[in-house]
Number of protein chains: 4
Amino acid sequence: MDHAAAVTYRGLFALQHRGQEGAGIVSSDRKKVRSIKGTGLLSNVFASRSIPAELPGDIAAGHVRYSTTGSSRPYNVQPLVVECMDGIWAVAHNGNLTNAAQLRNTYQRKGAIFQTSTDSEVLVHIIADPEYCNHPRRLERAMERLEGAYAFLLMTKDSLMAARDPIGFRPLAVGRLGEGYVFSSETCAMEQVGATYIREVAPGELVTVDQKGLRSTTFGTVPDHLGQCIFEHIYFSRPDSIIFGENSHEVRVRLGRRLAQEYPVEADIVVPVPDSGNCAALGYSQVSGIPIDYGFIRNHYIGRTFIMPVADERSSSVDMKLSVLSGVVQGKRVVVVDDSIVRGTTSRRRVSTLRAAGATEVHMRISCPPIRFPCFFGIDFPSREELIASTSDIQEIRRFIGADSLGYLSLEGLLASVSNPENFCTGCFTGKYPTGVPSHHRKDVLEARTSN
Amino acid sequence: MDHAAAVTYRGLFALQHRGQEGAGIVSSDRKKVRSIKGTGLLSNVFASRSIPAELPGDIAAGHVRYSTTGSSRPYNVQPLVVECMDGIWAVAHNGNLTNAAQLRNTYQRKGAIFQTSTDSEVLVHIIADPEYCNHPRRLERAMERLEGAYAFLLMTKDSLMAARDPIGFRPLAVGRLGEGYVFSSETCAMEQVGATYIREVAPGELVTVDQKGLRSTTFGTVPDHLGQCIFEHIYFSRPDSIIFGENSHEVRVRLGRRLAQEYPVEADIVVPVPDSGNCAALGYSQVSGIPIDYGFIRNHYIGRTFIMPVADERSSSVDMKLSVLSGVVQGKRVVVVDDSIVRGTTSRRRVSTLRAAGATEVHMRISCPPIRFPCFFGIDFPSREELIASTSDIQEIRRFIGADSLGYLSLEGLLASVSNPENFCTGCFTGKYPTGVPSHHRKDVLEARTSN
Amino acid sequence: MDHAAAVTYRGLFALQHRGQEGAGIVSSDRKKVRSIKGTGLLSNVFASRSIPAELPGDIAAGHVRYSTTGSSRPYNVQPLVVECMDGIWAVAHNGNLTNAAQLRNTYQRKGAIFQTSTDSEVLVHIIADPEYCNHPRRLERAMERLEGAYAFLLMTKDSLMAARDPIGFRPLAVGRLGEGYVFSSETCAMEQVGATYIREVAPGELVTVDQKGLRSTTFGTVPDHLGQCIFEHIYFSRPDSIIFGENSHEVRVRLGRRLAQEYPVEADIVVPVPDSGNCAALGYSQVSGIPIDYGFIRNHYIGRTFIMPVADERSSSVDMKLSVLSGVVQGKRVVVVDDSIVRGTTSRRRVSTLRAAGATEVHMRISCPPIRFPCFFGIDFPSREELIASTSDIQEIRRFIGADSLGYLSLEGLLASVSNPENFCTGCFTGKYPTGVPSHHRKDVLEARTSN
Amino acid sequence: MDHAAAVTYRGLFALQHRGQEGAGIVSSDRKKVRSIKGTGLLSNVFASRSIPAELPGDIAAGHVRYSTTGSSRPYNVQPLVVECMDGIWAVAHNGNLTNAAQLRNTYQRKGAIFQTSTDSEVLVHIIADPEYCNHPRRLERAMERLEGAYAFLLMTKDSLMAARDPIGFRPLAVGRLGEGYVFSSETCAMEQVGATYIREVAPGELVTVDQKGLRSTTFGTVPDHLGQCIFEHIYFSRPDSIIFGENSHEVRVRLGRRLAQEYPVEADIVVPVPDSGNCAALGYSQVSGIPIDYGFIRNHYIGRTFIMPVADERSSSVDMKLSVLSGVVQGKRVVVVDDSIVRGTTSRRRVSTLRAAGATEVHMRISCPPIRFPCFFGIDFPSREELIASTSDIQEIRRFIGADSLGYLSLEGLLASVSNPENFCTGCFTGKYPTGVPSHHRKDVLEARTSN
């Protein structure tokens, strides 16, 4: 594929919601491997750079960074690019390895040096390990060393590989573009570049594309029940993506419909919290018959970096993103629908804003169960102490956010809204994970330095 | 009010949709007048600037630039700040003066020099004119010289003034913040800063705020029927604003409701074009009973400056903003609701994207009549040749955009959706304007140079 | 001349020492006038700009800003570009008008508005004045209204004009480049662009270049004795320039030779303060027979903007520019030669550094008389209170700077070193100026605001 | 030492001439190691960064990059910061390892991954090697694995180490600052920060500073004759530095004196090429009795990045740096003194400029012998084909540059100008190196990729 880096750049734009801390693209023209990386949004990193000139070639891999392990410092931006015995390897990782600390320790004891604080760096040490290097199932064996969640994109001078962990935590799909192939965490990026979705990369599958074409091998043991991340459907994925075989928008509408059955209420309007509550609010409205209306307006110009120029006003910065539509909510009994509650402070602000605008009743509906447990597999929730549902019961949360009523979708309701519910991880709700978790977990567990 | 510039900065964020070409804030601490101005978005202009330190004082005026007359070059960014006989004047202008060329010529013949190519600069020459300077009704008389559309904010070292043209083309409101007053084109900015909306500045009213408090005078002749810009309600204002005494969201929902009555159709879902068609789609759905669904997803990370790195793909850049939700539209008869059609090329792309995603029928509904005539009063439509409705009839437009049916709201329907319909300008639909228009009109009519 | 703006850009690089606060270039392709301006060094302003594409045309004028009147804010960067009755005028000014405040007042009383706080803006008002506009000697008469020091470059869509005040304060030369003409404050810029120096623009001369070629007219009354700025030769001009008919390097060597005659001393080495004392030190060495040696090394990487990251060390920032060569000065009796002493603090640091490095004696020699009076004609000296020679006698200065001896060149010695000494202004030494000075003088006399 | 990073920053400014391609500082507050790195000049990398806030701690190491091996891409900027078994290591390297490719290969075969293309990265792999890790002479043994030229600064969370190769190619000095110690390639950086020079780090010496104070150990075999780089004295070091026990300014003056003895000529003035020829020109003048004069003026505002805006004029960009002083050279017989000739093109331009300015004779004198051979030990000469003296004899070079005569200092003259001449490497003149050289040598020998 010509201009592989330009295609990658377009595709990454559709995936920007998955990570805003850094971005990078690596390309190969089969002679040289080149890369551009930097912190911040894609548009910052690639502003004033000429992608076709600086990143030529028909093979490319890109990444947008969302930090679960390792800080957002420049040296942690992916794809990692390293040289080992048999040449250059570039690695882009979505997910979180639960045995990264042990593997890091193992390799450090053998003399390995680490230049990032990401969990992903251990993979390149395994790949470079002479024990694996010459083995016919080199990459498959390398993957078998890893525990936890991963969708990996690997690139060499003349090939591209994609691998997904056997439990299938994170999504990864393969598509076709002209004579070539594309891989993406979400299918929305394929539509963006004009590629055609073929299928998911299967749990425990390694797909390799090189001049001989595409071939597939398997590794590890795929369990009876997968551990697909249900939070992808609840919040993380873009609604136009097909994830784990289903469209997220449709799942979310079903969540909202079910929520209306579980927690009906007499009210005048259903108001989504944009954009996270949009789809579920639609479903809630459909079932309840309460008309949807836009009670909140989102300001598209407030970026992640908005900082109020006067210090003591910074506390109100969240208000800059959503404005309430007084004319819509005034004198109304309002059902507000959002995807989840994490710390509770944002929901509290939403409720008080609606009341200030004249809503007579505010009923909060959440399209997933209470989040009570940490995620070890790629979602960056705060610590348990900060998760409000971890320390408070529903009534306490309701009082804290100031709502007249509060309804969380039940776990049963959640699972009834997806196909093959037995194949999903619901650990953040139940504390039961499909595989072992590390004894200690902190985001900066591998961080011995802070740097640039 | 302390930190007037910081308040202005917050307020401008809520008005950023009104102009993205430049931004500026002027402040006064009653001793000195200071300003920061630049091209691009607010966040660009004020990045790394310390507003409290660089713009101290309890009086401030700000502006975001949308060019109708004069290019978007740096010297055209407002507020204009000039010194004349009696001190510093800062001027921020929303609207378009139809006699600017004549006034400019008149003053140039008297020896005046112009440093911008905006129509707004003529006002400061009138203000500085000795004939007006010492007159007790100086500003009122100055305003009486102007023809066309204007909401002006004027600032001196120790006062702030707001004026609105007698025909009332453009919105302008006054509010209260603590002990002080705020003015804004839209009320959404008042909510943003915690101010309370008091009322509109009346057509032909000059409101002055200084240490003696607020006082009001009038100028010009207010016609029997005002010429309020109906396009503010159709598209331009933010839906949470109160404009001309009515909430734009509510007006838009009514437009959609009426549209459903005028152009009903058998269909499965109503899909808004986000965000311009959101409110009207809601109304259409309410009346038609056809459920609303999100068929398009908007990418929040594609800024105005997105430029594809490879030239020949630039044509597809519009696709980067909206993605279609195949699962929603596939196999469905879709009613797409948007606010207006200008050139027709964007609508055409929307229709073809929906069809490619499997929509079986695509019915386009537009919540205003065909735009056939230019605006001389502050909306930057393209030239008549480029306005598709100026050269094509409805059937031709329908064929061009590829829709199965096309319905434009009637003028009657439009007017029935606002209070006091006789007080609106509908010139872009009818060619009948509430006041004279210039014989020649080009956006760069005052542009004798290009510069930085 | 093709690419006039590119030629101007090259030439301005050779003039960057004359002003580092801002830079601008205006060009005309005979249809449109375009400009790029900004604060800071040329390299900042034009970084990432394409001069040939953005500033096409065969006529151009440029300027580097050094503020004597008006702050270094963006709106004060020149060339000024304005439109009046008969089109666009661009103005670049070197010098200082002593009647700017009166003229500004006069025009403001007539209704003129000012958009900068520079003295230069008055000229465009005179040019635009209908009294002058249609007069055959329009520009000559305009110049006759001005008092003080000026070398002006004026540009319209199809012509370029250069004018020099009748007293001849500031230098201005004309040269030939191919079929075209170039003007420059210093001839070093002509060499830079490959142009040939023809002659000075004469005091009271207006040179006009247009499609009819070059022609010369005169204005004002040239006095018996000119008031050429002798400080151009002492310090301001680049040593490779021909200024007022003489090469500055040669003048400076003569100043040093004379200084050696007036203030001989027994010493081991002559050390110049780089680069301002280089030429005079050479002359001092030649006459005294004391060998020159490099006692100071200049760090080429410390820009104007060097700010020490820790606040309390900022005081030592001057030390970052010059390092003493201990091996050269240790155990030596040193004659340090510099061009002038302003506040005395820098000289004091030089002396103490030399002593710390082991110099046994330090004799300071200055190649001009004590600066006791302000300059009203284009050199930005501090106020009288800050001029050490204004409040202290020679012995007090010597003690303040800590030198074993201090010798200032006498006024006679200074004048003996230039041709036609009667044609020089020595006001900063004598307080006697060749023409009237304003009663009040402050750099920000026209500054009613501070802005961006 | 408080604010170690701020001290390092000041010191690096004095060393900026040693590398302009990148800069970095690493600091430790004994708990965390932090770093800031970037491409370009110090002032670019640290602009708008707060060093005290971002780099706290009393230990720091800095580096300015000049590429001899490895490109100037971001990932090659030093200090390298890596984590291995026993914690964080930061490494800054001056010099060039001649066995880097072999070592890299050796470690890659063991499974090591490399993330830069610098030769310096091999050291951290040796340090991390379990064979060395627990050895009491760990670092000494690591150094013994290296061949070629190096001055290393190593930093851990709580210690700082400096090592110099046994042949002593590159300079490295230790000084005292308050209670602490500083290391620097040149002593000029010590003066800049107010530190006191103690002595050189000896060839084959490792100096360690930690909370126990400073201690010294040795490694390797110091040869009978050292291989100190004589080019440090000829060109590379700043003249105010003490290098290899001698002040470079004084050495250069002696080179010039000797040059005058070896190649006398009848002439009127001695003109240095600023700044590289300044000191030698002084010596030449002293012995020859021909007065020195400034025939060239250096433009201080032309940075490394000057790019002419019009493509076809780029060839003349060198002229932007030096201007000839016509008045000085016109009608004169000129001796031009420079430090060296590499490709010959720059010297040729100098000669032709002098002739164009009216010099009647131009005699070029070079303060070192012809450079005929590559440097493998840290100076980035071009390839042999580009070294004019490698392919042309003296008469051919003279004709190429257009001089009336050309004199290169003899090898004997060069060696007679330094103390202990037997301790210097003169390989670039003789092709005889003090130790083995790699069979193949290209700057990008380790470069398998190009990246950012």
# chains A, B, ... in the order shown; residues from 1 in each chain; ligands from 1

call {"tool": "interface_residues", "arguments": {"of": "chain A", "to": "chain D", "cutoff": "10 Å", "atoms": "only C-alpha atoms", "output": "number ranges by chain"}}
result
A: 24-28, 31-38, 54-55, 74-75, 80-89, 104-117, 124-133, 157, 446-452

call {"tool": "residues_around", "arguments": {"residues": "Ala359 in chain B", "least_positions_apart": "4", "cutoff": "8 Å", "atoms": "only C-alpha atoms", "output": "mmCIF file with all heavy atoms, in the first residue's frame"}}
result
data_model
loop_
_atom_site.group_PDB
_atom_site.id
_atom_site.type_symbol
_atom_site.label_atom_id
_atom_site.label_comp_id
_atom_site.auth_asym_id
_atom_site.auth_seq_id
_atom_site.Cartn_x
_atom_site.Cartn_y
_atom_site.Cartn_z
ATOM 1 N N VAL B 329 -28.266 2.656 10.216
ATOM 2 C CA VAL B 329 -28.966 3.050 8.998
ATOM 3 C C VAL B 329 -29.188 1.907 8.023
ATOM 4 O O VAL B 329 -30.047 1.996 7.131
ATOM 5 C CB VAL B 329 -28.234 4.199 8.266
ATOM 6 C CG1 VAL B 329 -28.075 5.387 9.209
ATOM 7 C CG2 VAL B 329 -26.887 3.762 7.727
ATOM 8 N N GLN B 330 -28.429 0.827 8.196
ATOM 9 C CA GLN B 330 -28.522 -0.280 7.251
ATOM 10 C C GLN B 330 -29.949 -0.842 7.148
ATOM 11 O O GLN B 330 -30.586 -1.128 8.155
ATOM 12 C CB GLN B 330 -27.589 -1.392 7.706
ATOM 13 C CG GLN B 330 -27.355 -2.433 6.622
ATOM 14 C CD GLN B 330 -26.144 -3.269 6.948
ATOM 15 O OE1 GLN B 330 -25.756 -3.356 8.112
ATOM 16 N NE2 GLN B 330 -25.532 -3.862 5.933
ATOM 17 N N GLY B 331 -30.403 -0.921 5.933
ATOM 18 C CA GLY B 331 -31.726 -1.476 5.694
ATOM 19 C C GLY B 331 -32.862 -0.564 6.126
ATOM 20 O O GLY B 331 -34.024 -0.968 6.140
ATOM 21 N N LYS B 332 -32.507 0.693 6.437
ATOM 22 C CA LYS B 332 -33.534 1.612 6.942
ATOM 23 C C LYS B 332 -33.879 2.682 5.913
ATOM 24 O O LYS B 332 -33.050 3.074 5.090
ATOM 25 C CB LYS B 332 -33.015 2.306 8.215
ATOM 26 C CG LYS B 332 -32.643 1.375 9.363
ATOM 27 C CD LYS B 332 -33.841 1.004 10.217
ATOM 28 C CE LYS B 332 -33.427 0.027 11.308
ATOM 29 N NZ LYS B 332 -32.339 0.546 12.148
ATOM 30 N N ARG B 333 -35.123 3.165 6.063
ATOM 31 C CA ARG B 333 -35.526 4.368 5.334
ATOM 32 C C ARG B 333 -35.230 5.545 6.258
ATOM 33 O O ARG B 333 -35.797 5.639 7.352
ATOM 34 C CB ARG B 333 -37.013 4.293 4.993
ATOM 35 C CG ARG B 333 -37.361 3.145 4.034
ATOM 36 C CD ARG B 333 -38.858 2.922 3.965
ATOM 37 N NE ARG B 333 -39.393 2.549 5.266
ATOM 38 C CZ ARG B 333 -40.697 2.462 5.556
ATOM 39 N NH1 ARG B 333 -41.608 2.727 4.635
ATOM 40 N NH2 ARG B 333 -41.082 2.114 6.763
ATOM 41 N N VAL B 334 -34.346 6.399 5.815
ATOM 42 C CA VAL B 334 -33.771 7.409 6.701
ATOM 43 C C VAL B 334 -34.258 8.813 6.330
ATOM 44 O O VAL B 334 -34.219 9.188 5.151
ATOM 45 C CB VAL B 334 -32.223 7.379 6.620
ATOM 46 C CG1 VAL B 334 -31.607 8.477 7.472
ATOM 47 C CG2 VAL B 334 -31.689 6.005 7.031
ATOM 48 N N LEU B 354 -24.718 7.709 3.518
ATOM 49 C CA LEU B 354 -25.819 6.925 4.084
ATOM 50 C C LEU B 354 -26.187 5.763 3.175
ATOM 51 O O LEU B 354 -26.405 4.636 3.619
ATOM 52 C CB LEU B 354 -27.048 7.819 4.311
ATOM 53 C CG LEU B 354 -26.921 8.807 5.470
ATOM 54 C CD1 LEU B 354 -28.048 9.824 5.437
ATOM 55 C CD2 LEU B 354 -26.904 8.063 6.814
ATOM 56 N N ARG B 355 -26.220 6.038 1.893
ATOM 57 C CA ARG B 355 -26.560 4.958 0.951
ATOM 58 C C ARG B 355 -25.472 3.881 0.989
ATOM 59 O O ARG B 355 -25.771 2.681 0.993
ATOM 60 C CB ARG B 355 -26.678 5.503 -0.472
ATOM 61 C CG ARG B 355 -27.908 6.369 -0.682
ATOM 62 C CD ARG B 355 -28.293 6.360 -2.169
ATOM 63 N NE ARG B 355 -29.286 7.391 -2.434
ATOM 64 C CZ ARG B 355 -30.603 7.225 -2.227
ATOM 65 N NH1 ARG B 355 -31.055 6.104 -1.746
ATOM 66 N NH2 ARG B 355 -31.430 8.227 -2.510
#

call {"tool": "select_by_dssp", "arguments": {"residues": "range 31-109 of chain B", "states": "alpha helix (DSSP H)", "output": "JSON, numbers by chain"}}
result
{"B": [42, 43, 44, 45, 46, 51, 52, 53, 54, 100, 101, 102, 103, 104, 105, 106, 107, 108, 109]}

call {"tool": "write_last_selection", "arguments": {"atoms": "N, CA, C and O atoms", "output": "CSV table (one decimal), in the first residue's frame"}}
result
chain,number,residue,atom,x,y,z
B,42,LEU,N,-9.2,31.1,20.2
B,42,LEU,CA,-8.8,31.7,21.5
B,42,LEU,C,-7.7,30.9,22.2
B,42,LEU,O,-6.7,31.5,22.7
B,43,SER,N,-7.8,29.6,22.2
B,43,SER,CA,-6.8,28.8,22.9
B,43,SER,C,-5.4,29.0,22.3
B,43,SER,O,-4.4,29.0,23.0
B,44,ASN,N,-5.3,29.3,21.0
B,44,ASN,CA,-4.0,29.6,20.3
B,44,ASN,C,-3.5,31.0,20.8
B,44,ASN,O,-2.4,31.1,21.1
B,45,VAL,N,-4.4,31.9,20.7
B,45,VAL,CA,-4.0,33.3,20.9
B,45,VAL,C,-3.5,33.5,22.4
B,45,VAL,O,-2.5,34.2,22.6
B,46,PHE,N,-4.2,32.8,23.3
B,46,PHE,CA,-3.9,33.1,24.7
B,46,PHE,C,-3.0,32.0,25.4
B,46,PHE,O,-2.7,32.1,26.6
B,51,ILE,N,-3.2,36.1,31.5
B,51,ILE,CA,-4.3,37.1,31.4
B,51,ILE,C,-4.3,38.1,32.6
B,51,ILE,O,-4.3,39.3,32.4
B,52,PRO,N,-4.3,37.5,33.8
B,52,PRO,CA,-4.4,38.5,35.0
B,52,PRO,C,-3.2,39.4,35.0
B,52,PRO,O,-3.3,40.6,35.3
B,53,ALA,N,-2.0,39.0,34.6
B,53,ALA,CA,-0.8,39.8,34.7
B,53,ALA,C,-0.8,40.8,33.5
B,53,ALA,O,-0.4,41.9,33.7
B,54,GLU,N,-1.1,40.3,32.3
B,54,GLU,CA,-1.0,41.1,31.1
B,54,GLU,C,-2.2,42.0,30.9
B,54,GLU,O,-2.1,43.0,30.1
B,100,ALA,N,-20.1,51.3,4.6
B,100,ALA,CA,-18.7,51.4,5.0
B,100,ALA,C,-17.8,52.0,3.9
B,100,ALA,O,-17.0,52.9,4.2
B,101,ALA,N,-18.0,51.5,2.7
B,101,ALA,CA,-17.2,52.0,1.6
B,101,ALA,C,-17.3,53.5,1.4
B,101,ALA,O,-16.4,54.3,1.2
B,102,GLN,N,-18.6,54.0,1.4
B,102,GLN,CA,-18.8,55.4,1.3
B,102,GLN,C,-18.2,56.2,2.4
B,102,GLN,O,-17.5,57.2,2.2
B,103,LEU,N,-18.4,55.7,3.6
B,103,LEU,CA,-17.9,56.4,4.8
B,103,LEU,C,-16.3,56.5,4.8
B,103,LEU,O,-15.7,57.5,5.0
B,104,ARG,N,-15.8,55.3,4.4
B,104,ARG,CA,-14.3,55.3,4.3
B,104,ARG,C,-13.8,56.3,3.3
B,104,ARG,O,-12.9,57.1,3.5
B,105,ASN,N,-14.5,56.3,2.2
B,105,ASN,CA,-14.1,57.3,1.1
B,105,ASN,C,-14.3,58.7,1.6
B,105,ASN,O,-13.4,59.5,1.4
B,106,THR,N,-15.4,59.0,2.3
B,106,THR,CA,-15.6,60.3,2.8
B,106,THR,C,-14.5,60.8,3.7
B,106,THR,O,-13.9,61.8,3.6
B,107,TYR,N,-14.1,59.9,4.7
B,107,TYR,CA,-13.1,60.2,5.6
B,107,TYR,C,-11.7,60.3,5.0
B,107,TYR,O,-10.9,61.1,5.3
B,108,GLN,N,-11.5,59.4,4.0
B,108,GLN,CA,-10.2,59.4,3.3
B,108,GLN,C,-10.0,60.7,2.6
B,108,GLN,O,-9.0,61.3,2.6
B,109,ARG,N,-11.1,61.2,2.0
B,109,ARG,CA,-11.0,62.5,1.3
B,109,ARG,C,-10.7,63.6,2.3
B,109,ARG,O,-10.1,64.6,1.9

call {"tool": "residues_around", "arguments": {"residues": "range 386-394 of chain C", "least_positions_apart": "2", "cutoff": "9 Å", "atoms": "only C-alpha atoms", "output": "list in words"}}
result
Ile341, Val342, Arg343, Gly344, Pro370, Ile371, Arg372, Phe373, Pro374, Phe381, Pro382, Ser383, Arg384, Glu396, Ile397, Arg398, Arg399, Leu406, Gly407 and Tyr408 of chain C

call {"tool": "residues_around", "arguments": {"residues": "Gly62 in chain D", "least_positions_apart": "6", "cutoff": "9 Å", "atoms": "only C-alpha atoms", "output": "VMD selection string"}}
result
chain D and resid 5 8 to 9 11 to 12 23 to 27 78 to 79 92 153
